[in-house]
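Trainee: One structure follows; several queries about it will come next.
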Amino acid sequence: MSGLSQVPVVVDPPPAEWVERFGDAFYRYAVVRLRDPHAAEEVVQETFMQGIERLGQYRGDAPIDCWLRAILRRKIVDWIRVEERHRNNEKALAAEAGWFDGDDQLIPSSLTTNEPSGQVELAEIWRVVRQCLERVPRGLADVFVLHAMEHMEPKEICKELGITPSNLWVRMHRVRLALARCVSARMGIEAN
């Protein structure tokens, strides 16, 4: 039956109406999954662009919004993969610099040296670390100073700041990554 011609698929609504019809719902869907409004906007825009680019592949088996939502789901997964790769690179950079141990503790010996040229470099590193600490939110900086520099026990920090242990570790992770990025940028260290 190769003599049968295919009936063209009607796209309802047409692409010109997608943003108005599906934009808000897709944005909410993406924000819930990504927890980042800017990233959500980006993946929704990419979804509509890819939908337009691949409209010829739409067979009409499902409503157009379902087809677009499948594209959106793939875009969200791709975004999460890229972010995870980026986070892993930041962790590797901090570990490579040798400033933190596995528990996010600053390794004091990593920032000390007896060589005169090393003393100058250390003074510069500490100056940059202090500048970077001033740039991160106070709640993050406080946790870092108490944990990594003052070597307070986590229970003490939680009690002192009135936060939960989970929140403490989230803050430590965020401040460590922020400091690694900031110090690396200011010191001219390149991430892999």
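We label chains A, B, ... in the order they appear in the structure tokens, count residues from 1 in each chain, and number ligands from 1 in the order shown.
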Near segment 162-174 of chain A, within 10 Å and counting only C-alpha atoms, which residues show up once chain neighbours fewer than 2 positions away are dropped, as a ChimeraX atom specification?

Mentor: /A:91,103-105,136,139-145,147-148,154-160,176-180

Trainee: Would you kindly return, as a PyMOL selection string, each protein, DNA or RNA residue with an atom no farther than 10 Å from any atom of segment 17-20 of chain A, considering only C-alpha atoms and excluding same-chain residues fewer than 2 positions away?

Mentor: chain A and resi 12-15+22-26+44-45+48+51-52+64-65+68
